[in-house]
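A.B. asks: Handing you a structure now.
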2 protein chains.
Amino acid sequence: MAIDEAILDDLALGATVLGTGGGGDPYVGRLMAREAIRRKGAVPLVGVEQLPAEGLVLPVAMMGAPTVLVEKLPSGEELARVVRALERHLGRPAVALMSAEAGGVNSTIPVAAAAELGLPLLDADGMGRAFPEIPMCSMHLAGVAATPMALADEKGNLEVLETIDNFWTERLSRSATVAMGGSSIIALYPMEVRQVRGAVIEGTIGRAVGIGRVLREARSGGAGVLEALLKVTGGRRLFTGKVVDVLRRTDGGFVRGTASLDGIGPDEGSVLRLEFQNENLVAVRDGLPLASVPDLLTVLDAETHTPITTEGLAYGQRVELLGIPAEAIWRTPAGLALVGPRAFGYEFDYIPLERGEAGERGLQAGD
Amino acid sequence: MAIDEAILDDLALGATVLGTGGGGDPYVGRLMAREAIRRKGAVPLVGVEQLPAEGLVLPVAMMGAPTVLVEKLPSGEELARVVRALERHLGRPAVALMSAEAGGVNSTIPVAAAAELGLPLLDADGMGRAFPEIPMCSMHLAGVAATPMALADEKGNLEVLETIDNFWTERLSRSATVAMGGSSIIALYPMEVRQVRGAVIEGTIGRAVGIGRVLREARSGGAGVLEALLKVTGGRRLFTGKVVDVLRRTDGGFVRGTASLDGIGPDEGSVLRLEFQNENLVAVRDGLPLASVPDLLTVLDAETHTPITTEGLAYGQRVELLGIPAEAIWRTPAGLALVGPRAFGYEFDYIPLERGEAGERGLQAGD
């Protein structure tokens, strides 16, 4: 498969479902990728087995608060610059690029970079969704170092980091991103192809394209959109409500906040609190945890079934909250230690989405 | 001349006079340099004419708030790491190292690095004194780029920056230094030897050694220490007083503050306010500017004639305030625009130290 303009649109749409409100507004990344594809042609989407074992694979992404990206557009040249900087630092060319996460902008930014540089895109990402911090990915779990890492801004500034661990990478690159104005373009977690298997989540890009296609086709069909989406994602409807309050602040390179939903239809009489840090983290229904990271919490416009990002949440929206089971690696003890609710400061254990109903979930419930 | 242990002590002492309260406590840098000289031998101090025209010269320094350095000792390995990182980035070895500024720790840190790496030290610096920010040096005035620049911390983290101008270098490296815990070791302003002449202040290290020697000899002689120091520096006594108040805060990678002195002896009845940002910036006597950057304002203990750094100022100290004329480049319009009082936010023009007496200086006085 090659990613052309039509597939790009499905990818951006599907990745916003997997992005759980984060990963940035897909619009900017899609524009950049479309423009690059028009100039340079479609981007081959390849599997691990199609690449040489010694080849260098580079994940590319946007870092920072999505609220900032909307007003601070990348120039496009940063994409080539971060890749070239790491190639130069490592003394070898990349054979393929990769998505670090399947969020909106971060699903399409690597497509723009791959088109620009004439490289294929590996059908994989490091999360199977989006998470807000550098170590929150499968490469980290597999012991891959995030550095050498390159960061660039739209003005032309560039940094290359080498850190003692991936938590220092997060700390230093977050501070650099804030100093650069709140967002940056990054290349990190350089890997040889032979390291890739087991260290990445394979098939995520194809999966996102598939979700986007189903959503698009169902929407043009006009009926059963939610059902089609639940079927293709393996997810479930968690709540239907109206946004009655949104608190959001951009802080330390993240956008953090809470949305409050009053139940409507089947959830009339209930209230839901949705907390986010770039991505949706936790849904609390009538005071009890309903679902949480690492499972995916995606908000859809109840009319159009378009995914709503955390910076797009606004008073008065009627929405559906979807839950989608996390990739298997996130449900392991190591995965939950890294991205479970306690990793984000919540004082309850993870309960898999599919286990039990909301009424059975309580603050005391263990896993 | 080669810098051995004895000359190192004179250098550290003399550079603290030129450091105008900043550049860090000399103790840490002198310890590191002494240890490296014991292991690797004395460091040749060379002139520009002794180096090959195509050779690479690298200034090396400590960056950050001196208050932090005292409690966060460099490991020593950072020195080699920043030099090696820039050599690797530039694809060529350094032929000599250099001091970025003649402050306490920053006069001796390059000696430690040169001993460690078996390189000569160029007898030059970029300030002829110490200043708090990256662009405040002769290399910047000469149009040399501060990047590529390398930063390292004592934990093992490393960054290489490439920026669009030297003000962005200051911004990004300051933020990295803060994220690294408040201090870092840096190598920057890489130059070819043929660029060096006119872009650096030649002879500063020899000058600092000379000042240190005079101070040491006069102290052991017991009398006329201040007079000897004024003669060798071309300076003048500005104020004699007792420290009655010190306000100091570590903020954004700098230590900033104000010391208040009550006059004693010849200055009985007057009060002096000394303001600093790492270095002493401005002396205000009885409400009127007495002297300011770029001229050097150095505080000496009135008994021992030891220079007191801005982080060493304390209630009850009896001190002499010395003024020493700045290097000629700082008195040019471009020099004053970069490091004159207005560059630090003061609303008066620079008045050369040697022009007129304190009584004639006023807020309205133009230059």
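Residue names in the structure tokens use chain letters A, B, ... in the order shown, residue numbers from 1 in each chain, and ligand numbers from 1 in the order shown.
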Restrict the calculation to only C-alpha atoms, then for each residue of chain B with any atom at most 8 Å from an atom of chain A give the closest atom pair and their distance in Å to one decimal, rows by chain and rising residue number, as a tab-separated table.
C.D. replies:
residue	atom	partner	partner_atom	distance
B:His89	CA	A:His89	CA	7.5
B:Lys155	CA	A:Ile164	CA	7.4
B:Gly156	CA	A:Ile164	CA	5.9
B:Asn157	CA	A:Thr163	CA	4.3
B:Leu158	CA	A:Glu162	CA	5.0
B:Glu159	CA	A:Leu161	CA	4.4
B:Val160	CA	A:Val160	CA	5.0
B:Leu161	CA	A:Glu159	CA	4.4
B:Glu162	CA	A:Leu158	CA	5.0
B:Thr163	CA	A:Asn157	CA	4.3
B:Ile164	CA	A:Asn157	CA	5.7
B:Trp168	CA	A:Asn157	CA	7.8
B:Arg171	CA	A:Ala179	CA	7.0
B:Leu172	CA	A:Ala179	CA	6.0
B:Ser175	CA	A:Ser175	CA	6.5
B:Ala176	CA	A:Leu172	CA	6.4
B:Ala179	CA	A:Leu172	CA	6.0
B:Met180	CA	A:Leu172	CA	7.4
A.B. asks: Would you write out those residues with C-alpha atoms, as a PDB file, in the first residue's frame?
C.D. replies:
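Full text of out-v1.pdb as output:
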ATOM      1  CA  HIS B  89      30.032  17.588  15.197  1.00  0.00           C
ATOM      2  CA  LYS B 155      25.033  13.205  35.323  1.00  0.00           C
ATOM      3  CA  GLY B 156      26.026  12.420  31.737  1.00  0.00           C
ATOM      4  CA  ASN B 157      23.419  14.294  29.690  1.00  0.00           C
ATOM      5  CA  LEU B 158      24.636  16.121  26.588  1.00  0.00           C
ATOM      6  CA  GLU B 159      23.078  18.570  24.116  1.00  0.00           C
ATOM      7  CA  VAL B 160      24.369  20.043  20.887  1.00  0.00           C
ATOM      8  CA  LEU B 161      22.646  23.259  19.738  1.00  0.00           C
ATOM      9  CA  GLU B 162      22.520  24.956  16.364  1.00  0.00           C
ATOM     10  CA  THR B 163      20.642  28.228  16.533  1.00  0.00           C
ATOM     11  CA  ILE B 164      19.619  30.999  14.172  1.00  0.00           C
ATOM     12  CA  TRP B 168      18.479  32.132  20.608  1.00  0.00           C
ATOM     13  CA  ARG B 171      17.622  31.357  25.376  1.00  0.00           C
ATOM     14  CA  LEU B 172      17.880  27.660  24.538  1.00  0.00           C
ATOM     15  CA  SER B 175      16.682  26.750  29.519  1.00  0.00           C
ATOM     16  CA  ALA B 176      18.719  23.554  29.074  1.00  0.00           C
ATOM     17  CA  ALA B 179      16.580  21.796  33.225  1.00  0.00           C
ATOM     18  CA  MET B 180      19.959  20.192  33.971  1.00  0.00           C
TER      19      MET B 180
END
A.B. asks: Write out as a PyMOL selection string each polymer residue whose atoms come within 6 Å of B:Pro110, counting only C-alpha atoms; drop sequence neighbours fewer than 3 positions from it.
C.D. replies: chain B and resi 60+99+113-114
A.B. asks: Once you have the residues from the selection above, write them out as a PDB file, in the first residue's frame, restricted to N, CA and C atoms.
C.D. replies:
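And here is the file that came out, part09.pdb:
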ATOM      1  N   VAL B  60      35.665  27.073  26.363  1.00  0.00           N
ATOM      2  CA  VAL B  60      34.982  26.151  27.281  1.00  0.00           C
ATOM      3  C   VAL B  60      34.639  26.921  28.552  1.00  0.00           C
ATOM      4  N   SER B  99      39.408  30.447  27.258  1.00  0.00           N
ATOM      5  CA  SER B  99      38.431  30.908  28.249  1.00  0.00           C
ATOM      6  C   SER B  99      37.386  31.764  27.549  1.00  0.00           C
ATOM      7  N   ALA B 113      40.239  21.582  31.463  1.00  0.00           N
ATOM      8  CA  ALA B 113      39.898  20.887  30.222  1.00  0.00           C
ATOM      9  C   ALA B 113      41.139  20.697  29.347  1.00  0.00           C
ATOM     10  N   ALA B 114      41.972  21.740  29.244  1.00  0.00           N
ATOM     11  CA  ALA B 114      43.164  21.663  28.403  1.00  0.00           C
ATOM     12  C   ALA B 114      44.135  20.616  28.949  1.00  0.00           C
TER      13      ALA B 114
END
A.B. asks: Which residue is closest to B:Pro333? Choose from B:Asp245, B:Leu141, B:Ile201, B:Gly221 and count only C-alpha atoms.
C.D. replies: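 Looking only at the distances to B:Pro333, the closest residue turns out to be B:Leu141.
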A.B. asks: Identify, on the basis of only C-alpha atoms, every residue whose closest approach to stretch 233-244 of chain A does not exceed 10 Å; exclude the query and any residue fewer than 5 positions from it along the same chain; express the result as JSON, numbers by chain.
C.D. replies: {"A": [14, 17, 18, 207, 208, 210, 211, 214, 226, 227, 228, 259, 260, 261, 262, 263, 264, 265, 266, 267, 268, 269, 270, 271, 272, 273, 283, 285, 290, 291, 295, 296, 297, 298, 299, 300, 301, 302, 313, 314, 315, 316, 317, 318, 319, 320, 321, 322, 323, 324, 325, 326, 353, 354, 357, 358]}
A.B. asks: List as an NGL selection string the protein and nucleic acid residues near A:Glu275, meaning an atom at most 10 Å away when only C-alpha atoms are counted, but skip any in the same chain fewer than 5 places from it.
C.D. replies: :A and (246-248 or 256-260 or 280-284 or 292 or 310)
A.B. asks: DSSP on the backbone: what in stretch 205-364 of chain A comes out helix (DSSP H, G or I), as number ranges by chain?
C.D. replies: A: 205-221, 225-233, 265-267, 328-331, 333-339, 341-344, 358-360
A.B. asks: For the residues selected in the previous step, produce a file with N, CA and C atoms as a short mmCIF file (atom, residue, chain, number, x, y, z; two decimals), in the first residue's frame.
C.D. replies:
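File written: again-v1.cif
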data_model
loop_
_atom_site.label_atom_id
_atom_site.label_comp_id
_atom_site.auth_asym_id
_atom_site.auth_seq_id
_atom_site.Cartn_x
_atom_site.Cartn_y
_atom_site.Cartn_z
N ILE A 205 -0.61 1.92 11.51
CA ILE A 205 -1.00 2.85 10.45
C ILE A 205 -2.11 2.24 9.60
N GLY A 206 -1.94 0.96 9.24
CA GLY A 206 -2.99 0.26 8.50
C GLY A 206 -4.29 0.22 9.29
N ARG A 207 -4.15 0.02 10.58
CA ARG A 207 -5.35 -0.03 11.44
C ARG A 207 -6.06 1.33 11.44
N ALA A 208 -5.28 2.39 11.56
CA ALA A 208 -5.88 3.73 11.57
C ALA A 208 -6.57 4.03 10.24
N VAL A 209 -5.92 3.63 9.13
CA VAL A 209 -6.54 3.84 7.81
C VAL A 209 -7.86 3.09 7.74
N GLY A 210 -7.87 1.85 8.26
CA GLY A 210 -9.09 1.04 8.25
C GLY A 210 -10.21 1.69 9.07
N ILE A 211 -9.87 2.20 10.24
CA ILE A 211 -10.87 2.86 11.08
C ILE A 211 -11.41 4.10 10.37
N GLY A 212 -10.51 4.85 9.77
CA GLY A 212 -10.92 6.06 9.06
C GLY A 212 -11.85 5.73 7.89
N ARG A 213 -11.53 4.66 7.17
CA ARG A 213 -12.35 4.29 6.01
C ARG A 213 -13.76 3.90 6.46
N VAL A 214 -13.84 3.05 7.50
CA VAL A 214 -15.14 2.63 8.02
C VAL A 214 -15.96 3.84 8.46
N LEU A 215 -15.31 4.75 9.17
CA LEU A 215 -16.01 5.93 9.67
C LEU A 215 -16.50 6.79 8.50
N ARG A 216 -15.66 6.97 7.51
CA ARG A 216 -16.04 7.77 6.35
C ARG A 216 -17.20 7.12 5.58
N GLU A 217 -17.08 5.80 5.34
CA GLU A 217 -18.12 5.12 4.57
C GLU A 217 -19.44 5.09 5.32
N ALA A 218 -19.35 4.85 6.64
CA ALA A 218 -20.59 4.79 7.42
C ALA A 218 -21.26 6.16 7.46
N ARG A 219 -20.42 7.22 7.56
CA ARG A 219 -20.99 8.56 7.58
C ARG A 219 -21.68 8.89 6.27
N SER A 220 -21.09 8.47 5.14
CA SER A 220 -21.74 8.78 3.86
C SER A 220 -22.96 7.90 3.67
N GLY A 221 -22.94 6.69 4.27
CA GLY A 221 -24.12 5.83 4.27
C GLY A 221 -25.23 6.44 5.12
N VAL A 225 -23.35 4.62 12.17
CA VAL A 225 -21.94 5.03 12.20
C VAL A 225 -21.27 4.55 13.48
N LEU A 226 -21.93 4.78 14.60
CA LEU A 226 -21.35 4.38 15.88
C LEU A 226 -21.14 2.87 15.93
N GLU A 227 -22.12 2.13 15.45
CA GLU A 227 -22.02 0.67 15.48
C GLU A 227 -20.84 0.20 14.64
N ALA A 228 -20.70 0.79 13.44
CA ALA A 228 -19.59 0.40 12.56
C ALA A 228 -18.26 0.70 13.23
N LEU A 229 -18.20 1.84 13.89
CA LEU A 229 -16.96 2.25 14.55
C LEU A 229 -16.63 1.33 15.72
N LEU A 230 -17.65 0.96 16.50
CA LEU A 230 -17.43 0.05 17.63
C LEU A 230 -16.93 -1.29 17.12
N LYS A 231 -17.49 -1.71 15.97
CA LYS A 231 -17.11 -3.00 15.43
C LYS A 231 -15.64 -3.00 14.98
N VAL A 232 -15.24 -1.97 14.24
CA VAL A 232 -13.88 -1.96 13.69
C VAL A 232 -12.83 -1.72 14.77
N THR A 233 -13.20 -1.05 15.85
CA THR A 233 -12.22 -0.77 16.90
C THR A 233 -12.27 -1.78 18.04
N GLY A 265 -30.05 11.11 26.96
CA GLY A 265 -30.50 9.83 26.42
C GLY A 265 -30.33 8.73 27.45
N PRO A 266 -29.58 7.68 27.10
CA PRO A 266 -29.45 6.53 28.01
C PRO A 266 -28.73 6.87 29.32
N ASP A 267 -28.00 8.00 29.33
CA ASP A 267 -27.25 8.36 30.53
C ASP A 267 -27.85 9.54 31.27
N ALA A 328 -2.13 -5.05 23.87
CA ALA A 328 -1.80 -6.02 24.94
C ALA A 328 -0.59 -5.60 25.78
N ILE A 329 0.42 -4.98 25.16
CA ILE A 329 1.62 -4.65 25.96
C ILE A 329 1.30 -3.66 27.07
N TRP A 330 0.28 -2.83 26.90
CA TRP A 330 -0.04 -1.85 27.95
C TRP A 330 -0.76 -2.47 29.12
N ARG A 331 -1.23 -3.71 28.94
CA ARG A 331 -1.93 -4.37 30.05
C ARG A 331 -1.02 -5.30 30.83
N PRO A 333 2.17 -5.91 33.52
CA PRO A 333 2.59 -5.12 34.70
C PRO A 333 3.54 -3.98 34.32
N ALA A 334 4.49 -4.23 33.44
CA ALA A 334 5.43 -3.16 33.05
C ALA A 334 4.69 -2.06 32.30
N GLY A 335 3.76 -2.45 31.44
CA GLY A 335 2.99 -1.47 30.69
C GLY A 335 2.13 -0.61 31.60
N LEU A 336 1.47 -1.24 32.58
CA LEU A 336 0.61 -0.49 33.49
C LEU A 336 1.43 0.40 34.42
N ALA A 337 2.64 -0.05 34.79
CA ALA A 337 3.50 0.79 35.63
C ALA A 337 3.86 2.07 34.88
N LEU A 338 3.99 1.96 33.55
CA LEU A 338 4.41 3.11 32.75
C LEU A 338 3.24 4.03 32.39
N VAL A 339 2.08 3.47 32.08
CA VAL A 339 0.99 4.29 31.55
C VAL A 339 -0.37 3.98 32.16
N PRO A 341 -3.28 4.21 35.35
CA PRO A 341 -3.78 5.43 36.02
C PRO A 341 -2.83 5.95 37.11
N ARG A 342 -2.16 5.06 37.82
CA ARG A 342 -1.26 5.53 38.88
C ARG A 342 -0.06 6.29 38.32
N ALA A 343 0.37 5.93 37.08
CA ALA A 343 1.49 6.64 36.46
C ALA A 343 1.14 8.11 36.21
N PHE A 344 -0.15 8.41 36.14
CA PHE A 344 -0.60 9.79 35.93
C PHE A 344 -1.08 10.43 37.23
N ALA A 358 -20.13 -0.26 34.72
CA ALA A 358 -19.74 0.93 35.48
C ALA A 358 -20.07 0.78 36.96
N GLY A 359 -21.24 0.23 37.25
CA GLY A 359 -21.69 0.14 38.63
C GLY A 359 -20.75 -0.67 39.52
N GLU A 360 -20.00 -1.60 38.91
CA GLU A 360 -19.12 -2.45 39.70
C GLU A 360 -17.76 -1.82 39.97
#
A.B. asks: Report, in Å to a single decimal, how far apart atom CA of B:Ala85 and atom CA of B:Ile185 are.
C.D. replies: 12.1 Å
A.B. asks: Hey, can you check how far atom CA of A:Ser75 sits from atom CA of A:Val200?
C.D. replies: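 If I compute the distance from atom CA of A:Ser75 to atom CA of A:Val200, I get 28.5 Å.
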A.B. asks: Residues of stretch 88-302 of chain B classed as strand (DSSP E) by DSSP on the backbone are to be reported as a ChimeraX atom specification.
C.D. replies: /B:94-99,121-122,124-125,149-152,158-162,183-187,191-192,201-202,236-251,254-263,271-277,279-285,288-292,296-301
A.B. asks: In Å to one decimal, how far is atom CA of A:Asn166 from atom CA of A:Gly47?
C.D. replies: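 Distance reported for this atom pair: 26.3 Å.
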A.B. asks: Would you please work out which residue, of B:Ala2, B:Leu121, B:Ile7, B:Ala142, is nearest to B:Gly198 when using only C-alpha atoms?
C.D. replies: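 Under the stated criterion, the closest residue is B:Ala142.
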